[in-house]
$ cat model-v8.txt   # compact mmCIF, C-alpha atoms
# COMPACT_ATOMS: atom_id res chain seq x y z
CA MET G 596 -30.36 8.91 -18.00
CA ALA G 597 -27.79 11.26 -19.45
CA ALA G 598 -30.27 13.75 -20.88
CA LYS G 599 -31.72 14.36 -17.42
CA ALA G 600 -28.35 15.40 -16.00
CA VAL G 601 -27.71 17.77 -18.88
CA ASN G 602 -31.15 19.25 -18.43
CA ALA G 603 -30.77 19.77 -14.70
CA ILE G 604 -27.49 21.61 -15.22
CA ASP G 605 -28.95 23.76 -17.96
CA ARG G 606 -31.93 24.84 -15.92
CA SER G 607 -29.83 26.01 -12.98
CA GLY G 608 -28.67 28.86 -15.18
CA ILE G 609 -32.16 30.29 -15.66
CA GLY G 610 -32.08 31.89 -12.21
CA GLY G 611 -35.48 33.40 -11.41
CA ASP G 612 -37.48 30.29 -12.29
CA GLU G 613 -35.93 28.31 -9.49
CA GLU G 614 -36.95 30.83 -6.88
CA ILE G 615 -40.50 30.86 -8.24
CA VAL G 616 -40.64 27.09 -7.95
CA ASP G 617 -39.41 27.26 -4.34
CA ARG G 618 -42.04 29.84 -3.49
CA PHE G 619 -44.70 27.82 -5.25
CA LYS G 620 -43.86 24.68 -3.35
CA SER G 621 -43.83 26.51 -0.04
CA GLY G 622 -47.34 27.90 -0.64
CA ASP G 623 -46.74 31.47 -1.81
CA GLU G 624 -49.95 32.39 -3.66
CA ARG G 625 -48.14 34.94 -5.83
CA ALA G 626 -46.14 32.11 -7.37
CA LEU G 627 -49.32 30.51 -8.74
CA ARG G 628 -50.26 33.85 -10.27
CA TRP G 629 -46.81 34.07 -11.82
CA MET G 630 -47.24 30.60 -13.30
CA TYR G 631 -50.66 31.58 -14.67
CA ASP G 632 -49.16 34.63 -16.35
CA ARG G 633 -46.23 32.66 -17.69
CA TYR G 634 -47.90 29.38 -18.71
CA GLY G 635 -51.64 30.09 -18.75
CA ALA G 636 -51.72 30.76 -22.49
CA ALA G 637 -50.00 27.45 -23.24
CA VAL G 638 -52.35 25.53 -20.93
CA LEU G 639 -55.38 27.22 -22.53
CA HIS G 640 -54.08 26.40 -26.01
CA LEU G 641 -53.66 22.72 -25.16
CA ALA G 642 -57.09 22.60 -23.50
CA TYR G 643 -58.80 24.28 -26.45
CA ALA G 644 -57.01 22.07 -28.98
CA THR G 645 -58.16 18.98 -27.08
CA VAL G 646 -61.74 19.70 -25.98
CA GLY G 647 -62.66 21.93 -28.91
CA ASN G 648 -64.69 24.67 -27.23
CA ARG G 649 -63.85 27.68 -25.14
CA TYR G 650 -66.09 26.96 -22.16
CA ASP G 651 -64.75 23.49 -21.51
CA ALA G 652 -61.22 24.70 -22.28
CA GLU G 653 -61.43 27.40 -19.61
CA ASP G 654 -62.75 24.85 -17.15
CA VAL G 655 -59.79 22.61 -17.94
CA VAL G 656 -57.42 25.54 -17.31
CA GLN G 657 -59.13 26.24 -13.99
CA ALA G 658 -59.02 22.58 -12.94
CA THR G 659 -55.35 22.40 -13.96
CA PHE G 660 -54.14 25.36 -11.91
CA VAL G 661 -56.27 24.41 -8.92
CA ALA G 662 -54.95 20.83 -9.03
CA ALA G 663 -51.39 22.13 -9.44
CA TRP G 664 -51.83 24.31 -6.35
CA GLN G 665 -53.29 21.47 -4.32
CA SER G 666 -50.48 19.10 -5.25
CA ARG G 667 -47.68 21.70 -5.24
CA GLU G 668 -45.66 19.86 -2.62
CA ARG G 669 -45.42 16.85 -4.90
CA TYR G 670 -43.92 18.76 -7.83
CA GLU G 671 -40.29 17.71 -8.46
CA PRO G 672 -38.45 20.27 -10.61
CA ASP G 673 -35.64 17.81 -11.36
CA LEU G 674 -38.08 15.53 -13.16
CA GLY G 675 -39.47 18.13 -15.53
CA SER G 676 -40.04 21.82 -16.07
CA PRO G 677 -43.08 23.61 -14.63
CA ILE G 678 -44.67 23.94 -18.07
CA ALA G 679 -44.35 20.21 -18.75
CA TRP G 680 -45.83 19.43 -15.34
CA LEU G 681 -48.78 21.79 -15.89
CA LEU G 682 -49.37 20.53 -19.42
CA GLY G 683 -49.30 16.96 -18.12
CA ILE G 684 -52.06 17.83 -15.64
CA ALA G 685 -54.01 19.76 -18.31
CA ARG G 686 -53.74 16.90 -20.76
CA ARG G 687 -55.26 14.47 -18.25
CA LYS G 688 -58.03 16.91 -17.30
CA ALA G 689 -58.87 17.56 -20.96
CA ILE G 690 -58.97 13.85 -21.81
CA ASP G 691 -61.16 13.23 -18.74
CA THR G 692 -63.52 15.91 -20.01
CA LEU G 693 -63.69 14.27 -23.44
CA ARG G 694 -64.26 10.83 -21.92
CA LEU G 695 -67.03 12.15 -19.73
CA LYS G 696 -68.66 13.77 -22.71
CA SER G 697 -68.32 10.70 -24.89
CA ARG G 698 -70.35 8.81 -22.27
CA GLN G 699 -72.65 11.66 -21.74
CA ASP G 700 -73.22 13.02 -25.26
CA ARG G 701 -74.64 16.25 -24.03
CA VAL G 702 -73.06 19.09 -25.89
CA ALA G 703 -73.23 19.23 -29.65
CA ALA G 704 -70.07 21.27 -29.96
CA THR G 705 -67.84 18.37 -28.97
CA LEU G 706 -69.35 15.81 -31.33
CA ARG G 707 -66.65 16.44 -33.88
CA GLN G 708 -64.03 15.36 -31.34
CA LEU G 709 -66.08 12.36 -30.28
CA ASP G 710 -66.41 11.15 -33.84
CA SER G 711 -62.67 11.17 -34.32
CA GLY G 712 -62.32 9.43 -30.99
CA VAL G 713 -60.68 10.11 -27.66
CA ASP G 714 -57.59 8.20 -28.80
CA ASP G 715 -57.00 10.62 -31.64
CA ALA G 716 -57.48 13.47 -29.22
CA GLU G 717 -54.81 11.99 -26.93
CA ALA G 718 -52.34 11.68 -29.79
CA GLY G 719 -53.16 15.22 -30.88
CA ALA G 720 -52.65 16.47 -27.33
CA ASP G 721 -49.19 14.89 -27.24
CA THR G 722 -48.16 16.77 -30.36
CA VAL G 723 -49.48 20.04 -28.96
CA VAL G 724 -47.61 19.45 -25.67
CA ASP G 725 -44.38 18.83 -27.60
CA ARG G 726 -44.76 22.09 -29.52
CA LEU G 727 -45.55 24.10 -26.40
CA VAL G 728 -42.61 22.68 -24.46
CA ILE G 729 -40.20 23.38 -27.32
CA ALA G 730 -41.60 26.88 -27.87
CA ASP G 731 -41.11 27.61 -24.17
CA GLU G 732 -37.56 26.29 -24.16
CA LEU G 733 -36.74 28.23 -27.31
CA SER G 734 -37.85 31.39 -25.56
CA THR G 735 -35.41 30.75 -22.70
CA LEU G 736 -32.30 30.06 -24.82
CA GLU G 737 -29.53 32.62 -24.68
CA PRO G 738 -30.24 35.33 -27.28
CA ALA G 739 -27.68 34.34 -29.93
CA GLN G 740 -28.71 30.68 -29.91
CA ARG G 741 -32.34 31.64 -30.01
CA CYS G 742 -31.85 34.07 -32.88
CA VAL G 743 -29.95 31.54 -34.98
CA LEU G 744 -32.50 28.77 -34.37
CA GLU G 745 -35.45 31.05 -35.12
CA LEU G 746 -33.89 32.11 -38.42
CA SER G 747 -33.36 28.46 -39.29
CA PHE G 748 -36.79 27.19 -38.11
CA PHE G 749 -39.12 29.99 -39.03
CA ASP G 750 -37.35 31.91 -41.82
CA ASP G 751 -35.99 28.72 -43.34
CA LEU G 752 -32.49 30.17 -43.78
CA THR G 753 -29.39 28.00 -44.27
CA HIS G 754 -26.44 28.42 -41.90
CA VAL G 755 -24.64 30.35 -44.65
CA GLN G 756 -27.58 32.74 -45.03
CA ILE G 757 -27.81 33.12 -41.24
CA ALA G 758 -24.11 34.06 -41.12
CA ALA G 759 -24.65 36.64 -43.85
CA ARG G 760 -27.76 38.03 -42.16
CA THR G 761 -26.30 38.26 -38.64
CA GLY G 762 -22.64 38.91 -39.43
CA MET G 763 -21.62 35.93 -37.25
CA PRO G 764 -18.77 33.71 -38.48
CA LEU G 765 -19.95 30.44 -40.06
CA GLY G 766 -18.38 28.38 -37.30
CA THR G 767 -20.24 30.36 -34.64
CA VAL G 768 -23.56 29.88 -36.43
CA LYS G 769 -23.00 26.13 -36.67
CA SER G 770 -22.01 25.96 -33.03
CA HIS G 771 -25.13 27.87 -31.93
CA LEU G 772 -27.30 25.60 -34.06
CA ARG G 773 -25.73 22.51 -32.52
CA ARG G 774 -25.89 23.68 -28.91
CA GLY G 775 -29.35 25.16 -29.22
CA LEU G 776 -30.75 22.02 -30.82
CA ALA G 777 -29.06 19.82 -28.22
CA ARG G 778 -30.69 21.83 -25.46
CA LEU G 779 -34.15 21.71 -27.05
CA ARG G 780 -33.76 18.01 -27.54
CA SER G 781 -32.67 17.21 -23.99
CA ARG G 782 -35.44 19.35 -22.54
CA TRP G 783 -37.99 17.71 -24.80
CA GLU G 784 -36.83 14.20 -23.87
CA VAL G 785 -37.01 14.90 -20.13
CA ASP G 786 -40.31 16.77 -20.31
CA ARG G 787 -41.85 14.16 -22.52
CA ALA G 788 -41.42 11.63 -19.75
CA ALA G 789 -42.60 14.15 -17.15
CA SER G 790 -45.83 15.13 -18.88
CA GLY G 791 -46.80 11.51 -19.35
CA SER G 792 -47.11 11.79 -23.10
CA MET C 436 -15.56 5.31 -40.60
CA PRO C 437 -15.71 7.40 -37.39
CA HIS C 438 -19.00 8.73 -35.99
CA LEU C 439 -20.62 11.64 -37.82
CA ASP C 440 -19.24 15.08 -37.04
CA PRO C 441 -21.77 16.71 -34.65
CA GLU C 442 -22.10 19.91 -36.67
CA ARG C 443 -22.45 17.98 -39.89
CA LEU C 444 -25.16 15.84 -38.26
CA VAL C 445 -27.06 19.01 -37.30
CA LEU C 446 -26.95 20.34 -40.87
CA ILE C 447 -28.20 16.98 -42.15
CA ALA C 448 -30.99 16.98 -39.55
CA LEU C 449 -31.95 20.51 -40.60
CA GLY C 450 -32.21 19.29 -44.20
CA GLU C 451 -29.51 21.68 -45.37
CA GLN C 452 -27.16 18.94 -46.48
CA ASP C 453 -27.44 15.28 -47.46
CA PRO C 454 -25.22 12.53 -46.06
CA ASP C 455 -22.54 11.44 -48.53
CA ALA C 456 -21.96 7.80 -49.44
CA SER C 457 -19.63 6.98 -46.56
CA GLU C 458 -21.87 8.74 -44.03
CA THR C 459 -24.89 6.87 -45.36
CA GLY C 460 -22.98 3.62 -44.99
CA HIS C 461 -21.99 4.52 -41.45
CA LEU C 462 -25.56 5.45 -40.48
CA ARG C 463 -26.70 2.05 -41.68
CA THR C 464 -24.38 0.24 -39.28
CA CYS C 465 -24.04 2.65 -36.33
CA ASP C 466 -27.08 2.64 -34.05
CA ILE C 467 -25.73 5.56 -32.02
CA CYS C 468 -25.41 7.97 -34.96
CA ASP C 469 -28.64 6.73 -36.49
CA ALA C 470 -30.59 7.34 -33.24
CA ASP C 471 -28.83 10.67 -32.75
CA LEU C 472 -29.86 11.84 -36.22
CA ALA C 473 -33.43 10.61 -35.79
CA ALA C 474 -33.83 12.42 -32.45
CA THR C 475 -32.30 15.63 -33.80
CA ARG C 476 -34.56 15.50 -36.87
CA ALA C 477 -37.60 15.01 -34.62
CA THR C 478 -36.51 18.03 -32.56
CA VAL C 479 -36.19 20.11 -35.73
CA THR C 480 -39.67 19.05 -36.86
CA ILE C 481 -41.27 20.01 -33.54
CA GLY C 482 -39.18 23.19 -33.42
CA ARG C 483 -40.51 24.28 -36.80
CA GLN C 484 -44.06 23.44 -35.74
CA SER C 485 -43.64 25.54 -32.60
CA GLN C 486 -44.10 28.58 -34.83
CA HIS C 487 -47.85 27.98 -34.47
CA VAL C 488 -47.77 28.39 -30.69
CA ARG C 489 -45.39 31.32 -30.30
CA ASP C 490 -47.67 34.24 -29.53
CA LEU C 491 -50.69 32.69 -27.90
CA PRO C 492 -53.45 34.89 -26.49
CA ALA C 493 -53.34 35.19 -22.72
CA PRO C 494 -56.25 33.72 -20.79
CA SER C 495 -58.62 36.19 -19.18
CA GLU C 496 -58.44 37.90 -15.82
CA ASP C 497 -61.89 36.44 -15.08
CA LEU C 498 -60.49 32.98 -15.38
CA TRP C 499 -57.74 33.85 -12.91
CA THR C 500 -60.37 35.13 -10.50
CA ARG C 501 -62.13 31.78 -10.66
CA ILE C 502 -58.86 29.90 -10.17
CA ALA C 503 -57.85 32.05 -7.21
CA ALA C 504 -61.29 31.63 -5.63
CA ALA C 505 -61.15 27.86 -6.00
CA ALA C 506 -57.49 27.43 -5.06
CA PHE C 507 -57.08 29.87 -2.18
CA GLU C 508 -60.46 30.12 -0.53
CA THR C 509 -61.08 26.43 -0.11
CA PRO C 510 -60.18 25.45 3.46
CA GLU C 511 -57.18 23.16 3.24
CA THR C 512 -58.97 20.55 5.34
CA GLN C 513 -61.53 20.07 2.59
CA VAL C 514 -58.95 19.41 -0.07
CA ALA C 515 -58.68 15.69 -0.53
CA PRO C 516 -55.14 14.64 -1.37
CA ASN C 517 -56.11 13.15 -4.69
CA ASP C 518 -58.52 15.77 -5.93
CA ALA C 519 -62.16 15.19 -5.08
CA ALA C 520 -63.39 16.51 -8.42
CA PRO C 521 -63.66 13.18 -10.28
CA ARG C 522 -65.93 11.79 -7.56
CA ASP C 523 -68.16 14.84 -7.75
CA ASP C 524 -68.28 14.48 -11.50
CA ALA C 525 -69.22 10.84 -11.27
CA ALA C 526 -72.01 11.54 -8.80
CA GLY C 527 -73.34 14.35 -10.94
CA LEU C 528 -73.23 12.20 -14.01
CA ARG C 529 -75.13 9.42 -12.30
CA SER C 530 -77.88 11.66 -11.09
CA PHE C 531 -78.21 13.42 -14.39
CA THR C 532 -77.89 10.60 -16.87
CA SER C 533 -79.79 7.89 -15.05
CA ALA C 534 -82.45 8.07 -17.74
CA ALA C 535 -79.88 7.64 -20.46
CA THR C 536 -77.73 4.81 -19.13
CA GLY C 537 -79.23 2.26 -21.49
CA ARG C 538 -78.20 4.06 -24.63
CA SER C 539 -75.64 2.36 -26.81
CA ARG C 540 -72.36 4.06 -27.54
CA ALA C 541 -73.09 4.10 -31.27
CA ARG C 542 -76.33 5.87 -30.72
CA ALA C 543 -74.77 8.28 -28.28
CA ARG C 544 -72.32 9.31 -30.98
CA ARG C 545 -74.90 10.08 -33.58
CA PRO C 546 -74.92 13.80 -34.31
CA ARG C 547 -78.38 14.52 -33.08
CA TRP C 548 -77.93 18.22 -33.71
CA ARG C 549 -78.66 17.65 -37.35
CA LEU C 550 -82.31 17.84 -36.38
CA PRO C 551 -84.79 19.01 -38.93
CA VAL C 552 -84.57 22.62 -37.91
CA ALA C 553 -87.40 24.27 -39.76
CA VAL C 554 -86.04 26.35 -42.56
CA GLY C 555 -87.28 29.85 -43.13
CA ALA C 556 -88.36 32.78 -41.14
CA ALA C 557 -86.24 33.38 -38.15
CA VAL C 558 -88.47 34.27 -35.30
CA VAL C 559 -87.52 37.16 -33.14
CA LEU C 560 -89.09 36.21 -29.90
CA ALA C 561 -91.48 38.59 -28.30
CA ALA C 562 -89.52 37.78 -25.17
CA VAL C 563 -87.31 40.79 -25.76
CA ALA C 564 -90.18 43.23 -25.55
CA ALA C 565 -91.91 41.30 -22.80
CA ALA C 566 -88.77 41.13 -20.72
CA ALA C 567 -88.30 44.85 -21.13
CA VAL C 568 -91.81 45.48 -19.82
CA THR C 569 -91.31 43.15 -16.88
CA TRP C 570 -88.00 44.86 -16.30
CA SER C 571 -89.37 48.34 -15.94
CA ARG C 572 -91.80 47.11 -13.27
CA ARG C 573 -89.27 45.31 -11.17
CA PRO C 574 -89.29 46.07 -7.46
CA ALA C 575 -86.45 48.17 -6.15
CA ALA C 576 -85.12 45.29 -4.02
CA GLU C 577 -84.10 43.34 -7.14
CA ARG C 578 -80.57 43.44 -8.36
CA ILE C 579 -78.81 41.86 -11.29
CA VAL C 580 -76.31 39.30 -10.07
CA ALA C 581 -75.11 37.85 -13.38
CA GLU C 582 -75.46 38.25 -17.12
CA ALA C 583 -74.45 36.16 -20.11
CA ASP C 584 -74.32 36.90 -23.82
CA LEU C 585 -75.50 33.76 -25.57
CA VAL C 586 -73.81 32.81 -28.83
CA ALA C 587 -74.93 30.47 -31.59
CA GLN C 588 -73.86 26.83 -31.30
CA PRO C 589 -73.19 24.70 -34.40
CA ALA C 590 -76.83 23.62 -34.75
CA ALA C 591 -78.13 27.20 -34.69
CA PRO C 592 -78.12 29.78 -37.48
CA ALA C 593 -75.07 32.02 -37.25
CA ALA C 594 -77.23 35.06 -36.57
CA ALA C 595 -78.90 33.50 -33.53
CA LYS C 596 -78.04 35.14 -30.25
CA GLY C 597 -79.45 35.89 -26.87
CA ARG C 598 -78.90 37.32 -23.46
CA ALA C 599 -79.57 35.80 -20.07
CA THR C 600 -79.91 37.93 -16.98
CA ILE C 601 -80.08 36.55 -13.47
CA VAL C 602 -81.75 38.70 -10.86
CA ASP C 603 -81.77 38.30 -7.11
CA THR C 604 -85.37 39.08 -6.15
CA GLY C 605 -84.64 39.03 -2.46
CA HIS C 606 -86.36 35.66 -2.19
CA GLY C 607 -84.43 33.61 -4.70
CA LEU C 608 -82.86 33.92 -8.14
CA GLU C 609 -84.77 34.44 -11.38
CA MET C 610 -83.48 34.18 -14.92
CA ARG C 611 -84.71 36.16 -17.88
CA VAL C 612 -83.75 35.16 -21.37
CA ALA C 613 -84.11 37.17 -24.57
CA MET C 614 -83.28 35.57 -27.91
CA SER C 615 -83.26 36.61 -31.55
CA GLY C 616 -82.51 34.96 -34.88
CA MET C 617 -83.73 31.59 -33.63
CA PRO C 618 -85.44 29.19 -36.08
CA THR C 619 -88.92 27.86 -35.47
CA THR C 620 -88.79 24.51 -33.76
CA GLY C 621 -91.11 21.53 -33.93
CA GLY C 622 -90.76 21.13 -30.18
CA TYR C 623 -89.80 23.88 -27.77
CA TYR C 624 -86.79 25.69 -26.36
CA SER C 625 -85.46 24.98 -22.91
CA VAL C 626 -82.98 26.90 -20.77
CA TRP C 627 -80.37 25.04 -18.70
CA LEU C 628 -77.69 25.89 -16.21
CA TYR C 629 -74.59 23.83 -16.86
CA ASP C 630 -71.54 23.27 -14.68
CA GLY C 631 -69.35 22.69 -17.74
CA ARG C 632 -68.71 19.08 -16.75
CA SER C 633 -71.56 16.75 -16.08
CA VAL C 634 -74.57 18.42 -14.55
CA MET C 635 -77.21 20.33 -16.49
CA VAL C 636 -80.20 21.72 -14.61
CA PRO C 637 -83.37 22.51 -16.59
CA ILE C 638 -84.64 25.98 -15.72
CA GLY C 639 -87.69 26.22 -17.99
CA SER C 640 -88.84 27.61 -21.30
CA PRO C 641 -87.68 31.05 -22.37
CA GLY C 642 -90.54 33.47 -22.88
CA SER C 643 -92.16 36.45 -21.29
CA ALA C 644 -92.12 35.03 -17.76
CA ALA C 645 -89.06 35.05 -15.55
CA LEU C 646 -87.73 31.57 -14.75
CA ASN C 647 -87.01 30.43 -11.22
CA VAL C 648 -83.48 29.22 -10.61
CA PRO C 649 -83.66 26.25 -8.20
CA ALA C 650 -81.76 26.89 -4.97
CA ALA C 651 -79.67 23.79 -5.64
CA ALA C 652 -78.34 25.42 -8.82
CA SER C 653 -77.91 28.90 -7.38
CA ASP C 654 -74.13 28.60 -7.07
CA LEU C 655 -73.40 30.51 -10.27
CA THR C 656 -69.67 30.04 -9.85
CA ARG C 657 -70.29 26.34 -10.38
CA PHE C 658 -73.26 26.60 -12.75
CA SER C 659 -71.67 29.27 -14.84
CA ILE C 660 -72.90 28.34 -18.31
CA VAL C 661 -76.35 29.13 -19.67
CA ASP C 662 -77.48 26.81 -22.45
CA VAL C 663 -80.59 27.02 -24.63
CA SER C 664 -81.59 23.76 -26.31
CA THR C 665 -84.29 22.59 -28.67
CA GLN C 666 -86.36 19.81 -27.15
CA GLN C 667 -88.79 17.35 -28.66
CA LEU C 668 -92.08 17.00 -26.83
CA GLY C 669 -91.66 14.35 -24.18
CA GLN C 670 -87.86 14.48 -24.28
CA GLN C 671 -86.53 14.49 -20.72
CA GLN C 672 -82.82 14.80 -21.43
CA HIS C 673 -81.01 17.82 -22.76
CA GLY C 674 -81.74 18.07 -26.48
CA THR C 675 -79.67 20.03 -28.99
CA SER C 676 -77.60 23.02 -27.93
CA MET C 677 -78.56 26.16 -29.82
CA LEU C 678 -77.10 28.96 -27.70
CA GLN C 679 -74.52 29.04 -24.95
CA GLY C 680 -72.86 31.71 -22.88
CA ARG C 681 -70.91 32.09 -19.69
CA LEU C 682 -72.31 34.12 -16.84
CA ARG C 683 -70.42 37.22 -15.73
CA GLN C 684 -71.03 38.06 -12.11
$ encode --input "model-v8.txt" --output "structure tokens"
Amino acid sequence: MAAKAVNAIDRSGIGGDEEIVDRFKSGDERALRWMYDRYGAAVLHLAYATVGNRYDAEDVVQATFVAAWQSRERYEPDLGSPIAWLLGIARRKAIDTLRLKSRQDRVAATLRQLDSGVDDAEAGADTVVDRLVIADELSTLEPAQRCVLELSFFDDLTHVQIAARTGMPLGTVKSHLRRGLARLRSRWEVDRAASGS
Amino acid sequence: MPHLDPERLVLIALGEQDPDASETGHLRTCDICDADLAATRATVTIGRQSQHVRDLPAPSEDLWTRIAAAAFETPETQVAPNDAAPRDDAAGLRSFTSAATGRSRARARRPRWRLPVAVGAAVVLAAVAAAAVTWSRRPAAERIVAEADLVAQPAAPAAAKGRATIVDTGHGLEMRVAMSGMPTTGGYYSVWLYDGRSVMVPIGSPGSAALNVPAAASDLTRFSIVDVSTQQLGQQQHGTSMLQGRLRQ
């Protein structure tokens, strides 16, 4: 698939991440800590959004990082980014927790989720994963692309307004928008498959 | 007409510009451009939504400590290739819910926490004072091994709170629970240790006496949540959660 090739080429430019992944796979404990610092907030957000309470969410985060460590040799960076891989694990752990509770009906705090159903929770988790993956990729874009996309996405500026605000020529703004969006899209398409959503 | 200009397609996907008549006609017949525009639009939608997840709070250092303990201190030989946790969960569930297996799914979903919680005077339990008295007389060998601040669950009044303290007496663990702002209950309150997944262990009724923590539940890394429920007389299973808190060791 074409998007995969584009994505693999793009990621080689990130530099430090690749070394972290190598260390992680070879069993360097510091690499897991680095991944916790880098992706822990995203994993916690997904867990909380899915299971609906802090205690279960923290348990999902713990189960996710422990499972990631135990299966580190099976992680294939070419098939998806570390965040997509972790979120894929977290998504399954969170859904397992909800399923267990729907059979078990023990804790009142999750009844709201149970009423709306585990299926809804799965669909909701997919949306949250998508947002987290895109937010992470946006943060790794080269600064000019990132700046232009953030002004467009979050400040709702047109390309003409972005050019006026930043002093970049119109053509440059349009080119950054196109390249930045293409990169977000290819990353999203690859990671979507990788996280099992 | 040729395919859409890539930069034009991006501006259309961003909603800045609309396709003109010939572009609209082309999009109707060209699957490539149509799919390209749809995928770019979807990326824009998710990109805009990513604003909600930009500056997320970092998880706690405590949580990392738990992860490191579980990931690094487990002998590799004990780590089953496909993660032994689900089997443990299933076993725990069986042992704990054997009394409840006959319940229908519909009934299981009913929000039982809308119990008739007696309205009116919130009772500040004498446990606070009693625990303090017991406390001052404790033998020197005792030491506090864990504490939890208990916070109100949805079924409890917002002002309800409590504190659980676990003490190593030198011959086993004891738990003391102080609560305030709790409503009167037609049944009674019960304290549980919960592993956050499937197993809840009843510890006893909060009051002036210290509660024995069974040796089987003394792994407070696993049983790290203290739960206080309301129970109906004769009810064997966990009732309605009123307070919960995580133990700090």
$ atom_distance --input "model-v8.txt" --atom1 "CA of Leu641 in chain G" --atom2 "CA of Ile660 in chain C"
21.2 Å
$ interface_residues --input "model-v8.txt" --of "chain G" --to "chain C" --cutoff "8 Å" --atoms "all atoms listed in the file" --output "mmCIF file with C-alpha atoms, in the coordinates of the input"
data_model
loop_
_atom_site.group_PDB
_atom_site.id
_atom_site.type_symbol
_atom_site.label_atom_id
_atom_site.label_comp_id
_atom_site.auth_asym_id
_atom_site.auth_seq_id
_atom_site.Cartn_x
_atom_site.Cartn_y
_atom_site.Cartn_z
ATOM 1 C CA GLU G 624 -49.950 32.390 -3.660
ATOM 2 C CA ARG G 628 -50.260 33.850 -10.270
ATOM 3 C CA TYR G 631 -50.660 31.580 -14.670
ATOM 4 C CA ASP G 632 -49.160 34.630 -16.350
ATOM 5 C CA GLY G 635 -51.640 30.090 -18.750
ATOM 6 C CA ALA G 636 -51.720 30.760 -22.490
ATOM 7 C CA ALA G 637 -50.000 27.450 -23.240
ATOM 8 C CA LEU G 639 -55.380 27.220 -22.530
ATOM 9 C CA HIS G 640 -54.080 26.400 -26.010
ATOM 10 C CA TYR G 650 -66.090 26.960 -22.160
ATOM 11 C CA ASP G 651 -64.750 23.490 -21.510
ATOM 12 C CA GLU G 653 -61.430 27.400 -19.610
ATOM 13 C CA ASP G 654 -62.750 24.850 -17.150
ATOM 14 C CA GLN G 657 -59.130 26.240 -13.990
ATOM 15 C CA ALA G 658 -59.020 22.580 -12.940
ATOM 16 C CA PHE G 660 -54.140 25.360 -11.910
ATOM 17 C CA VAL G 661 -56.270 24.410 -8.920
ATOM 18 C CA ALA G 662 -54.950 20.830 -9.030
ATOM 19 C CA TRP G 664 -51.830 24.310 -6.350
ATOM 20 C CA GLN G 665 -53.290 21.470 -4.320
ATOM 21 C CA SER G 666 -50.480 19.100 -5.250
ATOM 22 C CA THR G 692 -63.520 15.910 -20.010
ATOM 23 C CA LEU G 695 -67.030 12.150 -19.730
ATOM 24 C CA LYS G 696 -68.660 13.770 -22.710
ATOM 25 C CA SER G 697 -68.320 10.700 -24.890
ATOM 26 C CA ARG G 698 -70.350 8.810 -22.270
ATOM 27 C CA GLN G 699 -72.650 11.660 -21.740
ATOM 28 C CA ASP G 700 -73.220 13.020 -25.260
ATOM 29 C CA ARG G 701 -74.640 16.250 -24.030
ATOM 30 C CA VAL G 702 -73.060 19.090 -25.890
ATOM 31 C CA ALA G 703 -73.230 19.230 -29.650
ATOM 32 C CA ALA G 704 -70.070 21.270 -29.960
ATOM 33 C CA LEU G 706 -69.350 15.810 -31.330
ATOM 34 C CA LEU G 709 -66.080 12.360 -30.280
ATOM 35 C CA ASP G 710 -66.410 11.150 -33.840
ATOM 36 C CA ASP G 725 -44.380 18.830 -27.600
ATOM 37 C CA ARG G 726 -44.760 22.090 -29.520
ATOM 38 C CA LEU G 727 -45.550 24.100 -26.400
ATOM 39 C CA ILE G 729 -40.200 23.380 -27.320
ATOM 40 C CA ALA G 730 -41.600 26.880 -27.870
ATOM 41 C CA PHE G 748 -36.790 27.190 -38.110
ATOM 42 C CA PHE G 749 -39.120 29.990 -39.030
ATOM 43 C CA THR G 753 -29.390 28.000 -44.270
ATOM 44 C CA LYS G 769 -23.000 26.130 -36.670
ATOM 45 C CA SER G 770 -22.010 25.960 -33.030
ATOM 46 C CA LEU G 772 -27.300 25.600 -34.060
ATOM 47 C CA ARG G 773 -25.730 22.510 -32.520
ATOM 48 C CA LEU G 776 -30.750 22.020 -30.820
ATOM 49 C CA ALA G 777 -29.060 19.820 -28.220
ATOM 50 C CA LEU G 779 -34.150 21.710 -27.050
ATOM 51 C CA ARG G 780 -33.760 18.010 -27.540
ATOM 52 C CA TRP G 783 -37.990 17.710 -24.800
#
$ atom_distance --input "model-v8.txt" --atom1 "CA of Ala679 in chain G" --atom2 "CA of Val785 in chain G"
9.2 Å
$ closest_residue --input "model-v8.txt" --among "G:Lys620, G:Pro672, G:Glu745, G:His754" --to "Ile447 in chain C" --atoms "all atoms listed in the file"
G:His754
$ residues_around --input "model-v8.txt" --residues "Trp627 in chain C" --least-positions-apart "6" --cutoff "7 Å" --atoms "only C-alpha atoms" --output "compact mmCIF listing (two decimals) with C-alpha atoms, in the frame of the given file"
# COMPACT_ATOMS: atom_id res chain seq x y z
CA MET C 635 -77.21 20.33 -16.49
CA VAL C 636 -80.20 21.72 -14.61
CA PRO C 637 -83.37 22.51 -16.59
CA ILE C 638 -84.64 25.98 -15.72
CA VAL C 661 -76.35 29.13 -19.67
CA ASP C 662 -77.48 26.81 -22.45
CA VAL C 663 -80.59 27.02 -24.63
$ closest_residue --input "model-v8.txt" --among "G:Ile615, G:Ile690, G:Leu744, G:Ala642" --to "Gly775 in chain G" --atoms "only C-alpha atoms"
G:Leu744
$ residues_around --input "model-v8.txt" --residues "Ala581 in chain C" --least-positions-apart "3" --cutoff "8 Å" --atoms "only C-alpha atoms" --output "PDB file with C-alpha atoms, keeping the file's coordinate frame"
ATOM      1  CA  THR C 600     -79.910  37.930 -16.980  1.00  0.00           C
ATOM      2  CA  ILE C 601     -80.080  36.550 -13.470  1.00  0.00           C
ATOM      3  CA  VAL C 602     -81.750  38.700 -10.860  1.00  0.00           C
ATOM      4  CA  LEU C 682     -72.310  34.120 -16.840  1.00  0.00           C
ATOM      5  CA  ARG C 683     -70.420  37.220 -15.730  1.00  0.00           C
ATOM      6  CA  GLN C 684     -71.030  38.060 -12.110  1.00  0.00           C
TER       7      GLN C 684
END
